Amino acid sequence: MTESNTFRKQVVASLVAAVLIVAVTIAVVTANLGRGLDPDEIEERQEQLEERREERDERRGENRG
Amino acid sequence: MEDLIETLTSNNPTAVKVVLASVAVALAAYQVFLMAVGYGKLRLPFLEPKPASFTHRAVGDAVVAVTVVVAVMCIGYFGFEDASGEELRATFHVIFALLLLATIALKVTVIRRWHQLRRYLPALGLTVFVLFVLTWITSAGDYLVGG
């Protein structure tokens, strides 16, 4: 096997390893999103998002007015 | 900007940001491993220093792109002042994130233009990794453990 073939194979293998790391990370993090929270905390986070949207809509209304 | 981010993330900007930030940290750890092989600190039978360094460059470009997307999402959606009652954590997160962006910019400059400072690249790389971890811990990590 030539040196450039070995180089190419190792580069491809290490890039595939990077893709696998990305896939595993996405799977693990997505599976763990919100796992440590009780229902009240999840609701609290949802409320924070709603509040943020309302505040933004109010700001827009003020800017237009 | 906020509308665009909400649309692109299907109204889940925080979750998307947590996933992307976690991907960046995982790849940053892989980068440290690749350069340990690249500098000959770690000798493996299946990976030589040259291909490891080449992959480090390629993965590094991807990590920078992901980091910029996360930074734009963070600043564009959450801003600098939204601490949601967690001022200390948020302040540390902003400080670490700004230091991270500055260090990445310096590292890229040293690689592409400032060649006389190349001997500092290992230190800069490790600093980038530590800042990645600290930035992640003070935001995504905190979110994942329900802090």
# chains A, B, ... in the order shown; residues from 1 in each chain; ligands from 1
>>> interface_residues(of="chain A", to="chain B", cutoff="7 Å", atoms="only C-alpha atoms", output="PyMOL selection string")
chain A and resi 7+10-11+14-15+18+21-22+25-26+29-30+32-34+36-37
>>> residues_around(residues="Leu98 (chain B)", least_positions_apart="4", cutoff="10 Å", atoms="only C-alpha atoms", output="list in words")
Ala71, Phe92, His93, Val94, Ala102, Thr103, Ile104, Leu131 and Thr135 of chain B
>>> write_last_selection(atoms="N, CA and C atoms", output="compact mmCIF listing (two decimals), in the first residue's frame")
# COMPACT_ATOMS: atom_id res chain seq x y z
N ALA B 71 -22.98 31.30 18.85
CA ALA B 71 -22.76 32.66 19.37
C ALA B 71 -23.81 33.62 18.81
N PHE B 92 -20.60 34.78 34.16
CA PHE B 92 -19.44 33.92 33.87
C PHE B 92 -19.55 33.35 32.45
N HIS B 93 -20.78 32.98 32.06
CA HIS B 93 -20.97 32.41 30.71
C HIS B 93 -20.56 33.43 29.64
N VAL B 94 -21.00 34.67 29.82
CA VAL B 94 -20.67 35.72 28.83
C VAL B 94 -19.16 35.95 28.79
N ALA B 102 -12.46 35.28 21.33
CA ALA B 102 -11.21 36.03 21.13
C ALA B 102 -10.03 35.07 20.94
N THR B 103 -10.00 33.99 21.74
CA THR B 103 -8.88 33.05 21.64
C THR B 103 -8.92 32.28 20.33
N ILE B 104 -10.14 31.91 19.88
CA ILE B 104 -10.25 31.23 18.58
C ILE B 104 -9.76 32.16 17.47
N LEU B 131 -11.74 26.82 27.61
CA LEU B 131 -12.80 27.83 27.53
C LEU B 131 -14.10 27.24 26.96
N THR B 135 -17.45 27.45 29.10
CA THR B 135 -18.61 28.11 28.50
C THR B 135 -19.80 27.14 28.47
>>> atom_distance(atom1="CA of Ala21 (chain B)", atom2="CA of Trp136 (chain B)")
6.6 Å
>>> atom_distance(atom1="CA of Thr127 (chain B)", atom2="CA of Pro45 (chain B)")
28.1 Å
>>> closest_residue(among="B:Met1, B:Val37, B:Leu117, B:Ile111", to="Val72 (chain B)", atoms="only C-alpha atoms")
B:Met1
